[in-house]
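Visitor: I have a structure I would like to understand better, so I am pasting it below and will then ask my questions one at a time.
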Amino acid sequence: MPSQTPIIVALDFPSRDAALALADRLDPALCRVKVGKELFTRCGPDIVEALQAKGFEVFLDLKFHDIPNTTAMAVRAAAELGVWMVNVHCSGGLRMMAACREALDKANGAKPLLIGVTVLTSMEQQDLSDIGLDIPPQQQVLRLAGLAARAGLDGLVCSAQEAQPLKAQFPTLQLVTPGIRPAGSAADDQRRILTPAEAMAAGSDFLVIGRPIAQSGDPARALAAVVAELA
Ligand SMILES: O=c1ccn([C@@H]2O[C@H](COP(=O)(O)O)[C@@H](O)[C@H]2O)c(=O)[nH]1
């Protein structure tokens, strides 16, 4: 049965053994898991299958960003892996996102949620200025969200700091929010952060949490604390 939890634990590890060791300490009823660039590049599709065999729904977080045909075929390949969620960069543009939507709509079998990455949660105003975007992160997020909605995407990756205005303008889009930090946790390289409870109150649908759980001495306890915070 599909899980109802909003929590997605990022398995950012360099090996299959390390990722599966953490998965074994987590309960698929309490969280989904995310396979990102490091783990997938080292282990390939096998790691997705191994996590699914343990009962986890998998968010394949490869943030595809390429020309429309290449990205659409990558999204279709992800669907064939049976992942629950897949994502592309909204800055790949409207035609690229629309091509991904069309590829998934034409695919047979279960379709993953198709999510657009807006502005990375590690970025702040200065980072945007550095790449020639002299506007606040929230303005760029809202602009990209409009494109994602036009392309028919199912949701967005954004900071929970933008969840309120996004939900007001795009109520049907699912908001997937990394940059979640329980009170007292280190921000690490994240810049636009909120606590789990703040994020849910702002309108997040899914919370992506990596290091605060994965690098804690007791991941099961760290996950239970987030579950309790949201109860
Ligand atoms: O804007 C984004 C998009 C993706 N991520 C990913 O989420 C996790 C966050 O991990 P933490 O250890 O909780 O910081 C990580 O896998 C990122 O690749 C993101 O942080 N921000």
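Within each chain, counting starts at residue 1; across the structure tokens, chains are named A, B, ... in the order shown, with ligands numbered 1 upward in that order.
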Can you tell me, as a PyMOL selection string, which residues in segment 84-177 of chain A count as strand (DSSP E or B) by DSSP?

Guide: chain A and resi 85-89+113-117+155-157+174-177

Visitor: Counting only C-alpha atoms and all ligand atoms, which protein, DNA or RNA residues come within 8 Å of ligand 1, given as a ChimeraX atom specification?

Guide: /A:10-12,34-37,61,117-122,157-159,177-181,187-190,208-214

Visitor: Let me see the file: selected residues, C-alpha atoms, as a CSV table (one decimal), in the first residue's frame.

Guide:
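Result went into part.csv, see below:
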chain,number,residue,atom,x,y,z
A,10,ALA,CA,17.9,11.4,1.2
A,11,LEU,CA,20.3,8.4,0.9
A,12,ASP,CA,23.4,10.4,0.0
A,34,LYS,CA,15.6,9.5,-2.2
A,35,VAL,CA,18.3,8.2,-4.5
A,36,GLY,CA,20.5,11.1,-5.8
A,37,LYS,CA,23.4,11.6,-8.1
A,61,ASP,CA,16.5,12.7,-7.8
A,117,VAL,CA,13.3,21.8,-9.7
A,118,THR,CA,13.0,25.6,-9.3
A,119,VAL,CA,15.9,27.3,-7.4
A,120,LEU,CA,18.2,25.0,-5.4
A,121,THR,CA,17.8,25.4,-1.7
A,122,SER,CA,21.5,25.9,-1.4
A,157,VAL,CA,11.2,21.2,-5.7
A,158,CYS,CA,11.5,24.5,-3.9
A,159,SER,CA,12.4,25.8,-0.4
A,177,THR,CA,11.0,20.8,-0.1
A,178,PRO,CA,14.6,20.0,0.8
A,179,GLY,CA,16.5,22.3,3.1
A,180,ILE,CA,14.7,21.0,6.1
A,181,ARG,CA,16.5,21.4,9.4
A,187,ALA,CA,22.4,24.2,8.1
A,188,ASP,CA,25.4,22.7,6.3
A,189,ASP,CA,25.5,24.1,2.7
A,190,GLN,CA,21.7,24.8,2.7
A,208,VAL,CA,13.3,15.9,2.0
A,209,ILE,CA,15.7,15.3,4.9
A,210,GLY,CA,19.2,14.0,4.4
A,211,ARG,CA,22.1,14.7,6.8
A,212,PRO,CA,20.0,15.5,9.9
A,213,ILE,CA,18.8,11.8,9.8
A,214,ALA,CA,21.5,10.0,7.8

Visitor: So which residues touch Pro28 of chain A within 8 Å, counting only C-alpha atoms, skipping near sequence neighbours fewer than 3 positions away, as a list in words?

Guide: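 Selected residues are Ser3, Cys31, Arg32, Lys54, Gly55, Phe56 and Glu57 of chain A.
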
Visitor: In Å, with one decimal, what is the gap from atom CA of Ala168 of chain A to atom CA of Asp127 of chain A?

Guide: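 So the two atoms, atom CA of Ala168 of chain A and atom CA of Asp127 of chain A, lie 26.2 Å apart.
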
Visitor: Which of segment 45-170 of chain A end up as helix (DSSP H, G or I) when DSSP is run on this backbone - answer as a PDB file with N, CA and C atoms, in the first residue's frame?

Guide:
ATOM      1  N   PRO A  45      20.870   1.386 -11.542  1.00  0.00           N
ATOM      2  CA  PRO A  45      19.472   1.031 -11.262  1.00  0.00           C
ATOM      3  C   PRO A  45      19.299  -0.053 -10.203  1.00  0.00           C
ATOM      4  N   ASP A  46      20.328  -0.881  -9.992  1.00  0.00           N
ATOM      5  CA  ASP A  46      20.191  -1.957  -8.995  1.00  0.00           C
ATOM      6  C   ASP A  46      19.814  -1.438  -7.614  1.00  0.00           C
ATOM      7  N   ILE A  47      20.315  -0.248  -7.264  1.00  0.00           N
ATOM      8  CA  ILE A  47      20.039   0.263  -5.917  1.00  0.00           C
ATOM      9  C   ILE A  47      18.553   0.620  -5.788  1.00  0.00           C
ATOM     10  N   VAL A  48      17.970   1.075  -6.875  1.00  0.00           N
ATOM     11  CA  VAL A  48      16.535   1.397  -6.847  1.00  0.00           C
ATOM     12  C   VAL A  48      15.752   0.106  -6.606  1.00  0.00           C
ATOM     13  N   GLU A  49      16.114  -0.925  -7.336  1.00  0.00           N
ATOM     14  CA  GLU A  49      15.405  -2.205  -7.175  1.00  0.00           C
ATOM     15  C   GLU A  49      15.578  -2.753  -5.759  1.00  0.00           C
ATOM     16  N   ALA A  50      16.775  -2.632  -5.210  1.00  0.00           N
ATOM     17  CA  ALA A  50      17.026  -3.162  -3.856  1.00  0.00           C
ATOM     18  C   ALA A  50      16.175  -2.424  -2.815  1.00  0.00           C
ATOM     19  N   LEU A  51      16.032  -1.130  -2.975  1.00  0.00           N
ATOM     20  CA  LEU A  51      15.225  -0.345  -2.019  1.00  0.00           C
ATOM     21  C   LEU A  51      13.742  -0.662  -2.190  1.00  0.00           C
ATOM     22  N   GLN A  52      13.320  -0.818  -3.428  1.00  0.00           N
ATOM     23  CA  GLN A  52      11.913  -1.188  -3.659  1.00  0.00           C
ATOM     24  C   GLN A  52      11.625  -2.562  -3.045  1.00  0.00           C
ATOM     25  N   ALA A  53      12.592  -3.470  -3.149  1.00  0.00           N
ATOM     26  CA  ALA A  53      12.394  -4.814  -2.578  1.00  0.00           C
ATOM     27  C   ALA A  53      12.255  -4.752  -1.056  1.00  0.00           C
ATOM     28  N   PRO A  68      15.094  18.809 -25.000  1.00  0.00           N
ATOM     29  CA  PRO A  68      13.821  18.121 -24.730  1.00  0.00           C
ATOM     30  C   PRO A  68      13.839  16.616 -24.990  1.00  0.00           C
ATOM     31  N   ASN A  69      14.348  16.175 -26.132  1.00  0.00           N
ATOM     32  CA  ASN A  69      14.296  14.741 -26.445  1.00  0.00           C
ATOM     33  C   ASN A  69      15.110  13.930 -25.439  1.00  0.00           C
ATOM     34  N   THR A  70      16.306  14.383 -25.132  1.00  0.00           N
ATOM     35  CA  THR A  70      17.186  13.644 -24.208  1.00  0.00           C
ATOM     36  C   THR A  70      16.542  13.545 -22.827  1.00  0.00           C
ATOM     37  N   THR A  71      15.983  14.649 -22.369  1.00  0.00           N
ATOM     38  CA  THR A  71      15.379  14.656 -21.034  1.00  0.00           C
ATOM     39  C   THR A  71      14.139  13.770 -20.991  1.00  0.00           C
ATOM     40  N   ALA A  72      13.332  13.857 -22.042  1.00  0.00           N
ATOM     41  CA  ALA A  72      12.105  13.040 -22.077  1.00  0.00           C
ATOM     42  C   ALA A  72      12.446  11.552 -22.054  1.00  0.00           C
ATOM     43  N   MET A  73      13.488  11.162 -22.781  1.00  0.00           N
ATOM     44  CA  MET A  73      13.853   9.735 -22.798  1.00  0.00           C
ATOM     45  C   MET A  73      14.424   9.299 -21.445  1.00  0.00           C
ATOM     46  N   ALA A  74      15.108  10.212 -20.774  1.00  0.00           N
ATOM     47  CA  ALA A  74      15.639   9.890 -19.439  1.00  0.00           C
ATOM     48  C   ALA A  74      14.488   9.702 -18.442  1.00  0.00           C
ATOM     49  N   VAL A  75      13.489  10.561 -18.543  1.00  0.00           N
ATOM     50  CA  VAL A  75      12.329  10.446 -17.653  1.00  0.00           C
ATOM     51  C   VAL A  75      11.580   9.137 -17.930  1.00  0.00           C
ATOM     52  N   ARG A  76      11.498   8.789 -19.214  1.00  0.00           N
ATOM     53  CA  ARG A  76      10.821   7.530 -19.551  1.00  0.00           C
ATOM     54  C   ARG A  76      11.594   6.339 -18.980  1.00  0.00           C
ATOM     55  N   ALA A  77      12.911   6.398 -19.047  1.00  0.00           N
ATOM     56  CA  ALA A  77      13.729   5.314 -18.481  1.00  0.00           C
ATOM     57  C   ALA A  77      13.506   5.215 -16.972  1.00  0.00           C
ATOM     58  N   ALA A  78      13.371   6.369 -16.321  1.00  0.00           N
ATOM     59  CA  ALA A  78      13.107   6.363 -14.867  1.00  0.00           C
ATOM     60  C   ALA A  78      11.765   5.716 -14.580  1.00  0.00           C
ATOM     61  N   ALA A  79      10.777   6.009 -15.406  1.00  0.00           N
ATOM     62  CA  ALA A  79       9.451   5.412 -15.203  1.00  0.00           C
ATOM     63  C   ALA A  79       9.539   3.893 -15.302  1.00  0.00           C
ATOM     64  N   GLU A  80      10.359   3.426 -16.227  1.00  0.00           N
ATOM     65  CA  GLU A  80      10.481   1.968 -16.394  1.00  0.00           C
ATOM     66  C   GLU A  80      11.147   1.312 -15.181  1.00  0.00           C
ATOM     67  N   CYS A  90      13.462  22.952 -14.027  1.00  0.00           N
ATOM     68  CA  CYS A  90      12.548  23.852 -14.736  1.00  0.00           C
ATOM     69  C   CYS A  90      13.311  24.785 -15.671  1.00  0.00           C
ATOM     70  N   SER A  91      14.564  25.104 -15.323  1.00  0.00           N
ATOM     71  CA  SER A  91      15.316  26.032 -16.171  1.00  0.00           C
ATOM     72  C   SER A  91      15.700  25.396 -17.501  1.00  0.00           C
ATOM     73  N   GLY A  92      15.375  24.119 -17.703  1.00  0.00           N
ATOM     74  CA  GLY A  92      15.494  23.506 -19.031  1.00  0.00           C
ATOM     75  C   GLY A  92      14.446  24.056 -19.991  1.00  0.00           C
ATOM     76  N   LEU A  94      10.192  25.459 -21.012  1.00  0.00           N
ATOM     77  CA  LEU A  94       8.823  24.948 -21.206  1.00  0.00           C
ATOM     78  C   LEU A  94       8.784  23.756 -22.162  1.00  0.00           C
ATOM     79  N   ARG A  95       9.480  23.862 -23.296  1.00  0.00           N
ATOM     80  CA  ARG A  95       9.404  22.758 -24.270  1.00  0.00           C
ATOM     81  C   ARG A  95      10.012  21.488 -23.697  1.00  0.00           C
ATOM     82  N   MET A  96      11.063  21.639 -22.935  1.00  0.00           N
ATOM     83  CA  MET A  96      11.690  20.451 -22.333  1.00  0.00           C
ATOM     84  C   MET A  96      10.739  19.788 -21.333  1.00  0.00           C
ATOM     85  N   MET A  97      10.127  20.592 -20.473  1.00  0.00           N
ATOM     86  CA  MET A  97       9.201  20.001 -19.482  1.00  0.00           C
ATOM     87  C   MET A  97       7.990  19.379 -20.173  1.00  0.00           C
ATOM     88  N   ALA A  98       7.479  20.050 -21.213  1.00  0.00           N
ATOM     89  CA  ALA A  98       6.312  19.512 -21.927  1.00  0.00           C
ATOM     90  C   ALA A  98       6.657  18.185 -22.605  1.00  0.00           C
ATOM     91  N   ALA A  99       7.879  18.068 -23.113  1.00  0.00           N
ATOM     92  CA  ALA A  99       8.298  16.810 -23.751  1.00  0.00           C
ATOM     93  C   ALA A  99       8.343  15.680 -22.720  1.00  0.00           C
ATOM     94  N   CYS A 100       8.773  16.002 -21.512  1.00  0.00           N
ATOM     95  CA  CYS A 100       8.807  14.988 -20.434  1.00  0.00           C
ATOM     96  C   CYS A 100       7.383  14.568 -20.065  1.00  0.00           C
ATOM     97  N   ARG A 101       6.511  15.549 -19.956  1.00  0.00           N
ATOM     98  CA  ARG A 101       5.105  15.239 -19.634  1.00  0.00           C
ATOM     99  C   ARG A 101       4.520  14.305 -20.694  1.00  0.00           C
ATOM    100  N   GLU A 102       4.778  14.634 -21.960  1.00  0.00           N
ATOM    101  CA  GLU A 102       4.219  13.835 -23.052  1.00  0.00           C
ATOM    102  C   GLU A 102       4.790  12.413 -23.036  1.00  0.00           C
ATOM    103  N   ALA A 103       6.088  12.314 -22.778  1.00  0.00           N
ATOM    104  CA  ALA A 103       6.725  10.988 -22.749  1.00  0.00           C
ATOM    105  C   ALA A 103       6.111  10.121 -21.662  1.00  0.00           C
ATOM    106  N   LEU A 104       5.864  10.720 -20.504  1.00  0.00           N
ATOM    107  CA  LEU A 104       5.266   9.930 -19.408  1.00  0.00           C
ATOM    108  C   LEU A 104       3.814   9.583 -19.719  1.00  0.00           C
ATOM    109  N   ASP A 105       3.096  10.535 -20.304  1.00  0.00           N
ATOM    110  CA  ASP A 105       1.681  10.271 -20.618  1.00  0.00           C
ATOM    111  C   ASP A 105       1.551   9.127 -21.615  1.00  0.00           C
ATOM    112  N   LYS A 106       2.536   9.000 -22.505  1.00  0.00           N
ATOM    113  CA  LYS A 106       2.469   7.940 -23.534  1.00  0.00           C
ATOM    114  C   LYS A 106       3.006   6.604 -23.025  1.00  0.00           C
ATOM    115  N   GLN A 125      20.346  34.963  -2.613  1.00  0.00           N
ATOM    116  CA  GLN A 125      20.338  36.097  -3.558  1.00  0.00           C
ATOM    117  C   GLN A 125      21.663  36.269  -4.306  1.00  0.00           C
ATOM    118  N   GLN A 126      22.786  36.211  -3.555  1.00  0.00           N
ATOM    119  CA  GLN A 126      24.089  36.437  -4.183  1.00  0.00           C
ATOM    120  C   GLN A 126      24.392  35.374  -5.240  1.00  0.00           C
ATOM    121  N   ASP A 127      23.994  34.128  -4.960  1.00  0.00           N
ATOM    122  CA  ASP A 127      24.249  33.057  -5.938  1.00  0.00           C
ATOM    123  C   ASP A 127      23.486  33.318  -7.233  1.00  0.00           C
ATOM    124  N   LEU A 128      22.274  33.838  -7.116  1.00  0.00           N
ATOM    125  CA  LEU A 128      21.501  34.148  -8.323  1.00  0.00           C
ATOM    126  C   LEU A 128      22.154  35.312  -9.070  1.00  0.00           C
ATOM    127  N   SER A 129      22.583  36.331  -8.326  1.00  0.00           N
ATOM    128  CA  SER A 129      23.259  37.470  -8.982  1.00  0.00           C
ATOM    129  C   SER A 129      24.488  36.981  -9.738  1.00  0.00           C
ATOM    130  N   ASP A 130      25.222  36.046  -9.130  1.00  0.00           N
ATOM    131  CA  ASP A 130      26.440  35.531  -9.757  1.00  0.00           C
ATOM    132  C   ASP A 130      26.172  34.888 -11.119  1.00  0.00           C
ATOM    133  N   PRO A 137      15.300  35.119  -4.902  1.00  0.00           N
ATOM    134  CA  PRO A 137      15.006  33.708  -5.194  1.00  0.00           C
ATOM    135  C   PRO A 137      13.506  33.441  -5.350  1.00  0.00           C
ATOM    136  N   GLN A 138      12.690  34.050  -4.486  1.00  0.00           N
ATOM    137  CA  GLN A 138      11.248  33.754  -4.550  1.00  0.00           C
ATOM    138  C   GLN A 138      10.629  34.156  -5.892  1.00  0.00           C
ATOM    139  N   GLN A 139      11.111  35.262  -6.436  1.00  0.00           N
ATOM    140  CA  GLN A 139      10.569  35.719  -7.728  1.00  0.00           C
ATOM    141  C   GLN A 139      10.919  34.720  -8.838  1.00  0.00           C
ATOM    142  N   GLN A 140      12.153  34.223  -8.806  1.00  0.00           N
ATOM    143  CA  GLN A 140      12.570  33.236  -9.812  1.00  0.00           C
ATOM    144  C   GLN A 140      11.815  31.915  -9.629  1.00  0.00           C
ATOM    145  N   VAL A 141      11.605  31.525  -8.371  1.00  0.00           N
ATOM    146  CA  VAL A 141      10.841  30.292  -8.101  1.00  0.00           C
ATOM    147  C   VAL A 141       9.428  30.417  -8.675  1.00  0.00           C
ATOM    148  N   LEU A 142       8.785  31.549  -8.446  1.00  0.00           N
ATOM    149  CA  LEU A 142       7.401  31.728  -8.934  1.00  0.00           C
ATOM    150  C   LEU A 142       7.357  31.753 -10.463  1.00  0.00           C
ATOM    151  N   ARG A 143       8.368  32.353 -11.058  1.00  0.00           N
ATOM    152  CA  ARG A 143       8.418  32.386 -12.526  1.00  0.00           C
ATOM    153  C   ARG A 143       8.538  30.966 -13.088  1.00  0.00           C
ATOM    154  N   LEU A 144       9.455  30.183 -12.522  1.00  0.00           N
ATOM    155  CA  LEU A 144       9.653  28.807 -13.002  1.00  0.00           C
ATOM    156  C   LEU A 144       8.436  27.932 -12.695  1.00  0.00           C
ATOM    157  N   ALA A 145       7.778  28.212 -11.566  1.00  0.00           N
ATOM    158  CA  ALA A 145       6.574  27.447 -11.217  1.00  0.00           C
ATOM    159  C   ALA A 145       5.491  27.653 -12.269  1.00  0.00           C
ATOM    160  N   GLY A 146       5.380  28.876 -12.771  1.00  0.00           N
ATOM    161  CA  GLY A 146       4.388  29.148 -13.818  1.00  0.00           C
ATOM    162  C   GLY A 146       4.658  28.317 -15.059  1.00  0.00           C
ATOM    163  N   LEU A 147       5.932  28.189 -15.421  1.00  0.00           N
ATOM    164  CA  LEU A 147       6.294  27.370 -16.589  1.00  0.00           C
ATOM    165  C   LEU A 147       5.964  25.896 -16.342  1.00  0.00           C
ATOM    166  N   ALA A 148       6.302  25.436 -15.121  1.00  0.00           N
ATOM    167  CA  ALA A 148       6.049  24.021 -14.784  1.00  0.00           C
ATOM    168  C   ALA A 148       4.556  23.716 -14.833  1.00  0.00           C
ATOM    169  N   ALA A 149       3.751  24.655 -14.347  1.00  0.00           N
ATOM    170  CA  ALA A 149       2.296  24.454 -14.374  1.00  0.00           C
ATOM    171  C   ALA A 149       1.802  24.393 -15.815  1.00  0.00           C
ATOM    172  N   ARG A 150       2.318  25.279 -16.672  1.00  0.00           N
ATOM    173  CA  ARG A 150       1.895  25.269 -18.084  1.00  0.00           C
ATOM    174  C   ARG A 150       2.280  23.962 -18.764  1.00  0.00           C
ATOM    175  N   ALA A 160      10.853  25.425   1.404  1.00  0.00           N
ATOM    176  CA  ALA A 160       9.595  25.611   2.142  1.00  0.00           C
ATOM    177  C   ALA A 160       9.335  27.094   2.403  1.00  0.00           C
ATOM    178  N   GLN A 161      10.396  27.909   2.318  1.00  0.00           N
ATOM    179  CA  GLN A 161      10.207  29.359   2.490  1.00  0.00           C
ATOM    180  C   GLN A 161       9.333  29.939   1.387  1.00  0.00           C
ATOM    181  N   GLU A 162       9.232  29.236   0.262  1.00  0.00           N
ATOM    182  CA  GLU A 162       8.378  29.726  -0.840  1.00  0.00           C
ATOM    183  C   GLU A 162       7.039  29.005  -0.905  1.00  0.00           C
ATOM    184  N   ALA A 163       6.792  28.088   0.040  1.00  0.00           N
ATOM    185  CA  ALA A 163       5.603  27.230  -0.083  1.00  0.00           C
ATOM    186  C   ALA A 163       4.294  28.029  -0.043  1.00  0.00           C
ATOM    187  N   GLN A 164       4.235  29.006   0.842  1.00  0.00           N
ATOM    188  CA  GLN A 164       2.976  29.749   0.984  1.00  0.00           C
ATOM    189  C   GLN A 164       2.545  30.445  -0.317  1.00  0.00           C
ATOM    190  N   PRO A 165       3.390  31.295  -0.901  1.00  0.00           N
ATOM    191  CA  PRO A 165       2.963  31.931  -2.155  1.00  0.00           C
ATOM    192  C   PRO A 165       2.758  30.930  -3.292  1.00  0.00           C
ATOM    193  N   LEU A 166       3.538  29.847  -3.312  1.00  0.00           N
ATOM    194  CA  LEU A 166       3.344  28.849  -4.378  1.00  0.00           C
ATOM    195  C   LEU A 166       1.981  28.176  -4.252  1.00  0.00           C
ATOM    196  N   LYS A 167       1.613  27.770  -3.030  1.00  0.00           N
ATOM    197  CA  LYS A 167       0.312  27.104  -2.837  1.00  0.00           C
ATOM    198  C   LYS A 167      -0.832  28.044  -3.194  1.00  0.00           C
ATOM    199  N   ALA A 168      -0.639  29.349  -2.892  1.00  0.00           N
ATOM    200  CA  ALA A 168      -1.700  30.309  -3.202  1.00  0.00           C
ATOM    201  C   ALA A 168      -1.893  30.429  -4.711  1.00  0.00           C
ATOM    202  N   GLN A 169      -0.794  30.424  -5.459  1.00  0.00           N
ATOM    203  CA  GLN A 169      -0.914  30.615  -6.916  1.00  0.00           C
ATOM    204  C   GLN A 169      -1.095  29.318  -7.686  1.00  0.00           C
TER     205      GLN A 169
END

Visitor: Which residues are close to Gln174 of chain A, i.e. within 8 Å by only C-alpha atoms, leaving aside same-chain residues fewer than 6 positions away? Reply as number ranges by chain.

Guide: A: 154-156, 204-206

Visitor: What is the distance, in Å and to one decimal place, between atom CA of Glu38 of chain A and atom CA of His65 of chain A?

Guide: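 Taking atom CA of Glu38 of chain A as the start and atom CA of His65 of chain A as the end point, the length is 16.5 Å.
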
Visitor: Between A:Leu207, A:Ala225, A:Met123, A:Ala110, which has the minimum distance to Arg192 of chain A (counting only C-alpha atoms)?

Guide: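 Closest candidate: A:Met123.
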
Visitor: Go through A:Ile8, A:Leu175, A:Ala186, A:Ala228 one by one, measure the shortest atom-to-atom distance of each to Leu26 of chain A using only C-alpha atoms, and give the residue with the smallest value.

Guide: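 The answer is A:Ile8, which sits nearest to Leu26 of chain A.
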
Visitor: Of the candidates A:Asp27, A:Gly132, A:Leu20, A:Gly203, which one gets nearest to Ala224 of chain A if we count only C-alpha atoms?

Guide: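 Among the listed residues, A:Asp27 lies closest to Ala224 of chain A.
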
Visitor: Which one is closest to Met200 of chain A: A:Thr172, A:Thr41, A:Asn108, A:Thr5? Count only C-alpha atoms.

Guide: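 Residue with the minimum atom-to-atom distance to Met200 of chain A: A:Thr5.
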